[in-house]
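What's in data16.csv: CSV, C-alpha atoms
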chain,number,residue,atom,x,y,z
A,1,MET,CA,-18.4,-11.2,-25.2
A,2,GLY,CA,-15.5,-11.6,-27.5
A,3,ILE,CA,-13.4,-8.7,-26.3
A,4,PRO,CA,-9.7,-9.0,-25.6
A,5,PRO,CA,-8.7,-9.3,-21.9
A,6,ILE,CA,-6.7,-6.1,-22.1
A,7,ASP,CA,-9.9,-4.2,-23.3
A,8,ALA,CA,-11.8,-5.7,-20.3
A,9,GLU,CA,-9.1,-4.6,-18.0
A,10,LEU,CA,-9.1,-1.1,-19.4
A,11,ALA,CA,-12.9,-1.0,-19.1
A,12,LEU,CA,-12.6,-1.9,-15.4
A,13,ALA,CA,-9.9,0.8,-14.9
A,14,GLU,CA,-12.2,3.3,-16.5
A,15,MET,CA,-15.0,2.3,-14.1
A,16,GLN,CA,-12.7,2.8,-11.2
A,17,ALA,CA,-11.5,6.2,-12.5
A,18,ARG,CA,-15.0,7.4,-12.9
A,19,ARG,CA,-15.9,6.4,-9.4
A,20,ALA,CA,-12.9,8.3,-8.1
A,21,GLN,CA,-14.2,11.3,-10.1
A,22,VAL,CA,-17.5,11.1,-8.4
A,23,VAL,CA,-16.1,10.7,-4.9
A,24,ASP,CA,-13.6,13.6,-5.4
A,25,SER,CA,-16.3,15.9,-6.5
A,26,ASN,CA,-18.5,15.0,-3.5
A,27,LEU,CA,-16.1,15.4,-0.7
A,28,VAL,CA,-16.6,18.3,1.7
A,29,PRO,CA,-14.0,20.9,0.7
A,30,ASN,CA,-11.2,21.8,3.1
A,31,TRP,CA,-12.4,25.4,3.5
A,32,PHE,CA,-15.7,24.2,5.0
A,33,TRP,CA,-13.9,22.8,8.1
A,34,GLY,CA,-11.9,25.9,8.7
A,35,ALA,CA,-15.0,28.1,8.3
A,36,VAL,CA,-17.1,26.1,10.7
A,37,ALA,CA,-14.3,26.0,13.2
A,38,ALA,CA,-13.9,29.7,13.1
A,39,LEU,CA,-17.6,30.3,13.5
A,40,MET,CA,-17.7,28.0,16.5
A,41,VAL,CA,-14.9,29.8,18.2
A,42,LEU,CA,-16.4,33.2,17.5
A,43,PHE,CA,-19.8,32.1,18.8
A,44,THR,CA,-18.4,30.7,22.0
A,45,VAL,CA,-16.4,33.9,22.6
A,46,ALA,CA,-19.5,35.9,22.1
A,47,ILE,CA,-21.6,33.8,24.5
A,48,GLU,CA,-19.0,33.7,27.1
A,49,SER,CA,-18.4,37.4,27.0
A,50,ALA,CA,-21.7,37.9,28.8
A,51,ILE,CA,-22.0,41.2,27.0
A,52,PRO,CA,-25.6,41.4,25.7
A,53,TRP,CA,-24.9,43.1,22.4
A,54,LEU,CA,-21.9,40.9,21.7
A,55,ILE,CA,-24.0,37.8,22.4
A,56,GLY,CA,-26.7,39.0,20.0
A,57,ALA,CA,-24.2,39.9,17.3
A,58,GLY,CA,-22.3,36.7,17.8
A,59,THR,CA,-25.4,34.6,17.6
A,60,ILE,CA,-26.6,36.4,14.4
A,61,ALA,CA,-23.2,36.1,12.8
A,62,TYR,CA,-23.0,32.4,13.7
A,63,VAL,CA,-26.4,31.6,12.3
A,64,LEU,CA,-25.9,33.6,9.1
A,65,GLY,CA,-22.4,32.3,8.7
A,66,LEU,CA,-23.4,28.7,9.1
A,67,ALA,CA,-26.3,29.1,6.8
A,68,ALA,CA,-24.1,30.7,4.2
A,69,VAL,CA,-21.6,27.8,4.4
A,70,VAL,CA,-24.3,25.2,4.1
A,71,VAL,CA,-26.0,27.0,1.3
A,72,ALA,CA,-22.7,27.3,-0.6
A,73,LEU,CA,-22.2,23.6,-0.2
A,74,VAL,CA,-25.7,22.6,-1.3
A,75,ARG,CA,-25.7,25.0,-4.3
A,76,THR,CA,-22.5,23.6,-5.7
A,77,ALA,CA,-23.6,20.0,-5.2
A,78,ARG,CA,-24.0,18.5,-8.6
A,79,VAL,CA,-23.8,14.8,-7.7
A,80,GLN,CA,-24.7,12.6,-4.7
A,81,VAL,CA,-22.3,9.8,-4.1
A,82,ARG,CA,-24.0,6.5,-3.7
A,83,SER,CA,-24.8,6.0,0.0
A,84,THR,CA,-23.7,2.3,-0.1
A,85,LEU,CA,-20.2,3.4,-0.9
A,86,LEU,CA,-19.9,5.1,2.5
A,87,GLY,CA,-21.5,2.2,4.3
A,88,THR,CA,-21.9,1.5,8.0
A,89,ARG,CA,-18.1,1.8,8.5
A,90,GLY,CA,-18.0,5.3,6.9
A,91,ILE,CA,-21.0,6.5,9.0
A,92,LEU,CA,-19.5,5.1,12.2
A,93,THR,CA,-16.2,6.9,11.3
A,94,ILE,CA,-18.1,10.2,10.9
A,95,LEU,CA,-20.0,9.7,14.1
A,96,GLY,CA,-16.8,8.8,15.9
A,97,PHE,CA,-15.1,11.9,14.7
A,98,ALA,CA,-18.0,14.1,15.9
A,99,GLY,CA,-18.2,12.2,19.1
A,100,VAL,CA,-14.5,12.5,20.0
A,101,LEU,CA,-14.5,16.3,19.3
A,102,THR,CA,-17.7,16.7,21.4
A,103,ALA,CA,-16.3,14.7,24.3
A,104,ILE,CA,-13.0,16.6,24.3
A,105,GLY,CA,-14.9,19.9,24.3
A,106,LEU,CA,-17.2,19.0,27.1
A,107,ALA,CA,-14.6,17.3,29.3
A,108,LEU,CA,-12.2,20.2,28.9
A,109,GLY,CA,-14.8,22.8,29.4
A,110,PHE,CA,-16.1,21.3,32.6
A,111,ALA,CA,-12.6,20.6,33.9
A,112,LEU,CA,-11.6,24.2,33.3
A,113,ASP,CA,-14.7,25.5,34.8
A,114,ALA,CA,-14.2,23.4,37.9
A,115,ALA,CA,-10.7,24.8,38.2
A,116,ASP,CA,-12.1,28.3,38.0
A,117,VAL,CA,-10.2,29.1,34.9
A,118,ALA,CA,-11.5,32.2,33.1
A,119,PHE,CA,-13.3,31.6,29.8
A,120,PRO,CA,-13.5,27.8,30.1
A,121,ALA,CA,-15.8,27.3,27.1
A,122,THR,CA,-13.7,29.4,24.8
A,123,LEU,CA,-10.5,27.7,25.9
A,124,ALA,CA,-12.2,24.3,25.5
A,125,MET,CA,-13.5,25.2,22.1
A,126,LEU,CA,-10.0,25.9,20.7
A,127,PRO,CA,-8.8,22.3,20.5
A,128,VAL,CA,-12.2,21.3,19.2
A,129,ALA,CA,-11.9,23.9,16.4
A,130,ALA,CA,-8.4,22.8,15.7
A,131,GLY,CA,-9.6,19.2,15.5
A,132,MET,CA,-12.2,20.3,13.0
A,133,ALA,CA,-10.0,22.4,10.9
A,134,PHE,CA,-7.2,19.9,10.7
A,135,GLY,CA,-9.1,16.7,11.3
A,136,GLY,CA,-11.9,17.4,8.8
A,137,PRO,CA,-9.7,17.1,5.7
A,138,ARG,CA,-8.1,14.0,7.1
A,139,LEU,CA,-11.5,12.5,7.7
A,140,MET,CA,-12.3,13.2,4.1
A,141,SER,CA,-9.1,11.5,2.9
A,142,HIS,CA,-10.0,8.4,5.0
A,143,LEU,CA,-13.6,8.3,3.6
A,144,ARG,CA,-12.3,8.7,0.1
A,145,ALA,CA,-10.0,5.7,0.5
A,146,LEU,CA,-12.8,3.7,2.0
A,147,MET,CA,-15.2,4.5,-0.8
A,148,LEU,CA,-12.7,3.7,-3.5
A,149,SER,CA,-12.0,0.4,-1.9
A,150,ARG,CA,-15.6,-0.8,-2.3
A,151,PRO,CA,-16.4,-3.4,-5.0
A,152,LEU,CA,-17.2,-1.8,-8.3
A,153,ALA,CA,-20.7,-3.2,-8.4
A,154,GLY,CA,-23.1,-4.5,-5.8
A,155,ASP,CA,-23.8,-3.4,-2.2
A,156,ARG,CA,-21.2,-5.5,-0.4
B,157,MET,CA,-24.4,-13.1,-12.1
B,158,SER,CA,-22.1,-12.1,-15.0
B,159,ARG,CA,-23.5,-10.8,-18.2
B,160,PHE,CA,-21.6,-8.9,-20.8
B,161,ASP,CA,-23.8,-5.9,-21.8
B,162,GLU,CA,-23.2,-4.5,-25.2
B,163,LEU,CA,-25.3,-1.5,-24.5
B,164,ILE,CA,-23.2,-0.5,-21.5
B,165,HIS,CA,-19.9,-1.4,-23.1
B,166,ALA,CA,-20.0,1.3,-25.8
B,167,PRO,CA,-17.1,3.7,-24.8
B,168,THR,CA,-19.2,6.8,-24.0
B,169,ARG,CA,-21.9,4.8,-22.2
B,170,LEU,CA,-19.4,2.8,-20.2
B,171,SER,CA,-18.1,6.1,-18.8
B,172,LEU,CA,-21.5,7.5,-18.3
B,173,VAL,CA,-22.9,4.4,-16.5
B,174,SER,CA,-19.7,4.1,-14.4
B,175,LEU,CA,-20.3,7.6,-13.2
B,176,LEU,CA,-23.9,7.0,-12.4
B,177,ALA,CA,-23.2,3.6,-10.7
B,178,ALA,CA,-21.2,5.6,-8.1
B,179,THR,CA,-24.0,8.0,-7.4
B,180,ASP,CA,-27.5,8.1,-6.0
B,181,TRP,CA,-28.1,10.9,-8.6
B,182,ALA,CA,-26.0,13.1,-10.8
B,183,ASP,CA,-26.7,16.5,-12.3
B,184,PHE,CA,-26.8,16.8,-16.1
B,185,LYS,CA,-24.1,19.4,-16.1
B,186,PHE,CA,-21.8,17.3,-13.9
B,187,LEU,CA,-22.2,14.4,-16.4
B,188,ARG,CA,-21.7,16.7,-19.4
B,189,ASP,CA,-18.6,18.3,-17.9
B,190,SER,CA,-17.1,15.1,-16.6
B,191,LEU,CA,-17.4,13.4,-19.9
B,192,GLY,CA,-16.6,16.4,-22.0
B,193,MET,CA,-19.7,15.9,-24.1
B,194,SER,CA,-22.1,18.4,-25.8
B,195,ASP,CA,-25.6,18.7,-24.4
B,196,SER,CA,-27.1,17.0,-27.4
B,197,ALA,CA,-24.7,14.1,-27.4
B,198,LEU,CA,-25.3,13.5,-23.7
B,199,SER,CA,-29.0,13.7,-24.1
B,200,LYS,CA,-28.9,11.1,-26.8
B,201,GLN,CA,-26.9,8.7,-24.6
B,202,LEU,CA,-29.2,9.3,-21.7
B,203,THR,CA,-32.3,8.7,-23.8
B,204,THR,CA,-30.8,5.4,-25.1
B,205,LEU,CA,-30.2,4.2,-21.6
B,206,GLU,CA,-33.6,5.4,-20.4
B,207,GLU,CA,-35.3,3.5,-23.2
B,208,ALA,CA,-33.5,0.4,-22.1
B,209,GLY,CA,-34.8,0.9,-18.6
B,210,TYR,CA,-31.4,1.5,-17.2
B,211,LEU,CA,-31.8,5.0,-15.9
B,212,GLU,CA,-34.4,7.6,-14.9
B,213,ILE,CA,-34.2,11.3,-15.7
B,214,ARG,CA,-35.7,13.7,-13.2
B,215,LYS,CA,-36.4,17.4,-13.7
B,216,SER,CA,-36.6,19.6,-10.6
B,217,PHE,CA,-36.0,23.2,-9.5
B,218,VAL,CA,-33.3,24.5,-7.2
B,219,GLY,CA,-34.7,27.9,-6.4
B,220,LYS,CA,-36.0,29.2,-9.7
B,221,ARG,CA,-33.4,27.3,-11.7
B,222,PRO,CA,-34.5,24.1,-13.5
B,223,ARG,CA,-32.2,21.1,-12.8
B,224,THR,CA,-32.0,17.9,-14.7
B,225,SER,CA,-30.6,14.9,-13.0
B,226,ALA,CA,-30.2,11.2,-13.8
B,227,GLN,CA,-30.0,8.1,-11.7
B,228,LEU,CA,-29.6,4.4,-12.5
B,229,THR,CA,-32.7,2.3,-12.0
B,230,PRO,CA,-32.4,-1.1,-10.1
B,231,GLU,CA,-32.3,-2.7,-13.6
B,232,GLY,CA,-29.4,-0.4,-14.5
B,233,HIS,CA,-27.5,-1.2,-11.4
B,234,ALA,CA,-28.0,-4.9,-12.0
B,235,ALA,CA,-26.9,-4.6,-15.6
B,236,PHE,CA,-23.8,-2.7,-14.5
B,237,ALA,CA,-23.0,-5.3,-11.9
B,238,GLY,CA,-23.4,-8.1,-14.4
B,239,HIS,CA,-21.1,-6.3,-16.8
B,240,VAL,CA,-18.5,-5.7,-14.2
B,241,ALA,CA,-18.6,-9.4,-13.3
B,242,ALA,CA,-18.3,-10.4,-17.0
B,243,LEU,CA,-15.3,-8.1,-17.5
B,244,GLN,CA,-13.6,-9.5,-14.3
B,245,GLU,CA,-14.1,-13.0,-15.6
B,246,ILE,CA,-12.4,-12.2,-18.9
B,247,VAL,CA,-9.5,-10.6,-17.1
B,248,ALA,CA,-9.2,-13.4,-14.6
B,249,ARG,CA,-9.2,-16.1,-17.3
B,250,ALA,CA,-6.4,-14.3,-19.0
B,251,GLY,CA,-4.4,-14.1,-15.8
B,252,LEU,CA,-4.3,-10.3,-15.8
B,253,ALA,CA,-4.6,-8.2,-12.6
B,254,VAL,CA,-8.2,-7.6,-11.7
B,255,ILE,CA,-9.3,-4.3,-10.3
B,256,PRO,CA,-9.7,-4.9,-6.5
B,257,ASP,CA,-13.2,-6.0,-5.8
B,258,SER,CA,-13.2,-6.4,-2.0
B,259,ALA,CA,-13.8,-3.9,0.7
What does this structure look like when you write it as structure tokens?
Amino acid sequence: MGIPPIDAELALAEMQARRAQVVDSNLVPNWFWGAVAALMVLFTVAIESAIPWLIGAGTIAYVLGLAAVVVALVRTARVQVRSTLLGTRGILTILGFAGVLTAIGLALGFALDAADVAFPATLAMLPVAAGMAFGGPRLMSHLRALMLSRPLAGDR
Amino acid sequence: MSRFDELIHAPTRLSLVSLLAATDWADFKFLRDSLGMSDSALSKQLTTLEEAGYLEIRKSFVGKRPRTSAQLTPEGHAAFAGHVAALQEIVARAGLAVIPDSA
């Protein structure tokens, strides 16, 4: 192993850069969050309208739209980041993000309904959608930093 | 356990194994485009690593399109980990800054 220390350091830097390349190509793109948020709001509006044809059209649009978004993501996936890079902390962060948005939506929806406000579900969905559209990219940034901070080798 | 690995340390393979070490699997095209290599050059490097038992090549279909992907074997991950440790020892002995290795 007679290589100069500077070469060893450059090799380690290359390893880190390649990891960053993998992580960056694997993050959920920003457009995904806005698209899903918009679909959720449209679906809620359709359901809460209580107009049969609008409920039907909204449901179909939601299902097809969500399927298209997921298919677009899967078809362009060319690499799967190692699951150990995300780790328990990353998974808990994702679950926490989803849990907070769900709790906000439910609490606000029930509160508005109890107060006899018109269209409580739609109104409750607006902050949830905003949370997804603006919070999703921030979640990705956080997960990126987390994955890049992991040791270069091993599952620690 | 540190072990300098000559097979991994070759410049192109170092980049290739570093990419694979961060993945559960990687598509052939992703590796080719990321490394800026030709199909034949990448195939040659993948075969070398496969023969060493460091990686596994899988062929599957996405719809009707064939897809070739590669993933490091447990032996490949272990060799990479040993190589990282060996490089970090060299750097540490020289008193240079070591790439952070703690979560």
List every residue of chain B that has an atom at most 10 Å from any atom of chain A, giving for each one its closest atom pair and the distance in Å to one decimal, counting only C-alpha atoms, sorted by chain and then by ascending residue number, as a Markdown table.
| residue | atom | partner | partner_atom | distance |
| --- | --- | --- | --- | --- |
| B:Arg159 | CA | A:Met1 | CA | 8.7 |
| B:Phe160 | CA | A:Met1 | CA | 5.9 |
| B:Asp161 | CA | A:Met1 | CA | 8.3 |
| B:Glu162 | CA | A:Met1 | CA | 8.2 |
| B:His165 | CA | A:Ala11 | CA | 8.1 |
| B:Pro167 | CA | A:Ala11 | CA | 8.5 |
| B:Leu170 | CA | A:Met15 | CA | 7.5 |
| B:Ser171 | CA | A:Arg18 | CA | 6.8 |
| B:Leu172 | CA | A:Arg18 | CA | 8.5 |
| B:Val173 | CA | A:Met15 | CA | 8.5 |
| B:Ser174 | CA | A:Met15 | CA | 5.0 |
| B:Leu175 | CA | A:Arg18 | CA | 5.3 |
| B:Leu176 | CA | A:Arg19 | CA | 8.6 |
| B:Ala177 | CA | A:Ala153 | CA | 7.6 |
| B:Ala178 | CA | A:Arg82 | CA | 5.3 |
| B:Thr179 | CA | A:Arg82 | CA | 4.0 |
| B:Asp180 | CA | A:Arg82 | CA | 4.5 |
| B:Trp181 | CA | A:Gln80 | CA | 5.4 |
| B:Ala182 | CA | A:Val79 | CA | 4.2 |
| B:Asp183 | CA | A:Arg78 | CA | 5.0 |
| B:Phe184 | CA | A:Arg78 | CA | 8.2 |
| B:Lys185 | CA | A:Arg78 | CA | 7.6 |
| B:Phe186 | CA | A:Arg78 | CA | 5.9 |
| B:Leu187 | CA | A:Val79 | CA | 8.9 |
| B:Ser190 | CA | A:Gln21 | CA | 8.1 |
| B:Leu191 | CA | A:Arg18 | CA | 9.5 |
| B:Val218 | CA | A:Arg75 | CA | 8.1 |
| B:Gly219 | CA | A:Arg75 | CA | 9.7 |
| B:Arg223 | CA | A:Arg78 | CA | 9.6 |
| B:Ser225 | CA | A:Val79 | CA | 8.6 |
| B:Ala226 | CA | A:Val79 | CA | 9.5 |
| B:Gln227 | CA | A:Gln80 | CA | 9.9 |
| B:His233 | CA | A:Ala153 | CA | 7.7 |
| B:Ala234 | CA | A:Gly154 | CA | 7.9 |
| B:Ala235 | CA | A:Ala153 | CA | 9.6 |
| B:Phe236 | CA | A:Ala153 | CA | 6.9 |
| B:Ala237 | CA | A:Ala153 | CA | 4.7 |
| B:Gly238 | CA | A:Ala153 | CA | 8.2 |
| B:His239 | CA | A:Ala153 | CA | 9.0 |
| B:Val240 | CA | A:Ala153 | CA | 6.7 |
| B:Ala241 | CA | A:Ala153 | CA | 8.2 |
| B:Ala242 | CA | A:Met1 | CA | 8.2 |
| B:Leu243 | CA | A:Ala8 | CA | 5.1 |
| B:Gln244 | CA | A:Ala8 | CA | 7.3 |
| B:Glu245 | CA | A:Ala8 | CA | 9.0 |
| B:Ile246 | CA | A:Pro5 | CA | 5.6 |
| B:Val247 | CA | A:Pro5 | CA | 5.0 |
| B:Ala248 | CA | A:Pro5 | CA | 8.4 |
| B:Arg249 | CA | A:Pro5 | CA | 8.2 |
| B:Ala250 | CA | A:Pro5 | CA | 6.2 |
| B:Gly251 | CA | A:Pro5 | CA | 8.9 |
| B:Leu252 | CA | A:Pro5 | CA | 7.6 |
| B:Ala253 | CA | A:Glu9 | CA | 7.9 |
| B:Val254 | CA | A:Glu9 | CA | 7.0 |
| B:Ile255 | CA | A:Leu12 | CA | 6.5 |
| B:Pro256 | CA | A:Pro151 | CA | 7.0 |
| B:Asp257 | CA | A:Pro151 | CA | 4.2 |
| B:Ser258 | CA | A:Pro151 | CA | 5.3 |
| B:Ala259 | CA | A:Arg150 | CA | 4.7 |
Practice item. List the neighbours of Leu143 of chain A out to 9 Å using all atoms listed in the file; skip same-chain residues closer than 3 positions along the sequence, and give me the result as a count of residues only. Key: 11
Check your understanding: Which distance in Å separates atom CA of Leu64 of chain A and atom CA of Val36 of chain A, to one decimal?
Key ->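 Atom CA of Val36 of chain A lies 11.7 Å from atom CA of Leu64 of chain A.
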Exercise for review: Could you please determine the separation between atom CA of Val69 of chain A and atom CA of Pro222 of chain B in Å, to one decimal place?
Suggested key: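 That distance, rounded to one decimal, is 22.4 Å.
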Review point. What is the distance, in Å and to one decimal place, between atom CA of Pro52 of chain A and atom CA of Gly65 of chain A?
Key: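 The value is 19.5 Å.
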Hey, what's within 9 Å of segment 102-109 of chain A if we count all atoms listed in the file and toss same-chain stuff fewer than 4 positions away? As a PDB file with C-alpha atoms, in the frame of the given file, please?
ATOM      1  CA  PHE A  97     -15.100  11.900  14.700  1.00  0.00           C
ATOM      2  CA  ALA A  98     -18.000  14.100  15.900  1.00  0.00           C
ATOM      3  CA  ASP A 113     -14.700  25.500  34.800  1.00  0.00           C
ATOM      4  CA  ALA A 114     -14.200  23.400  37.900  1.00  0.00           C
ATOM      5  CA  PHE A 119     -13.300  31.600  29.800  1.00  0.00           C
ATOM      6  CA  PRO A 120     -13.500  27.800  30.100  1.00  0.00           C
ATOM      7  CA  ALA A 121     -15.800  27.300  27.100  1.00  0.00           C
ATOM      8  CA  THR A 122     -13.700  29.400  24.800  1.00  0.00           C
ATOM      9  CA  LEU A 123     -10.500  27.700  25.900  1.00  0.00           C
ATOM     10  CA  ALA A 124     -12.200  24.300  25.500  1.00  0.00           C
ATOM     11  CA  MET A 125     -13.500  25.200  22.100  1.00  0.00           C
ATOM     12  CA  LEU A 126     -10.000  25.900  20.700  1.00  0.00           C
ATOM     13  CA  PRO A 127      -8.800  22.300  20.500  1.00  0.00           C
ATOM     14  CA  VAL A 128     -12.200  21.300  19.200  1.00  0.00           C
TER      15      VAL A 128
END
Would you pick out the contacts of Ile55 of chain A at 10 Å or less, using only C-alpha atoms, so that residues sharing its chain but fewer than 6 positions from it are not included, and give the list as a PDB file with C-alpha atoms, in the frame of the given file?
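Output file selection_11.pdb follows:
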ATOM      1  CA  PHE A  43     -19.800  32.100  18.800  1.00  0.00           C
ATOM      2  CA  THR A  44     -18.400  30.700  22.000  1.00  0.00           C
ATOM      3  CA  VAL A  45     -16.400  33.900  22.600  1.00  0.00           C
ATOM      4  CA  ALA A  46     -19.500  35.900  22.100  1.00  0.00           C
ATOM      5  CA  ILE A  47     -21.600  33.800  24.500  1.00  0.00           C
ATOM      6  CA  GLU A  48     -19.000  33.700  27.100  1.00  0.00           C
ATOM      7  CA  SER A  49     -18.400  37.400  27.000  1.00  0.00           C
ATOM      8  CA  ALA A  61     -23.200  36.100  12.800  1.00  0.00           C
TER       9      ALA A  61
END
Exercise for review: Enumerate, as a PyMOL selection string, the protein, DNA and RNA residues whose atoms approach (-32.2, 0.1, -22.9) to within 12 Å, taking into account all atoms listed in the file and the coordinate frame of the file.
Suggested key: chain B and resi 161-164+169+201-212+228-229+231-232+235
**Study point:** All residues 7 Å or closer to segment 132-137 of chain A, all atoms listed in the file, same chain fewer than 3 positions away omitted, as an MDAnalysis selection string
**Key:** chainID A and resid 30 33:34 37 128:129 140:141
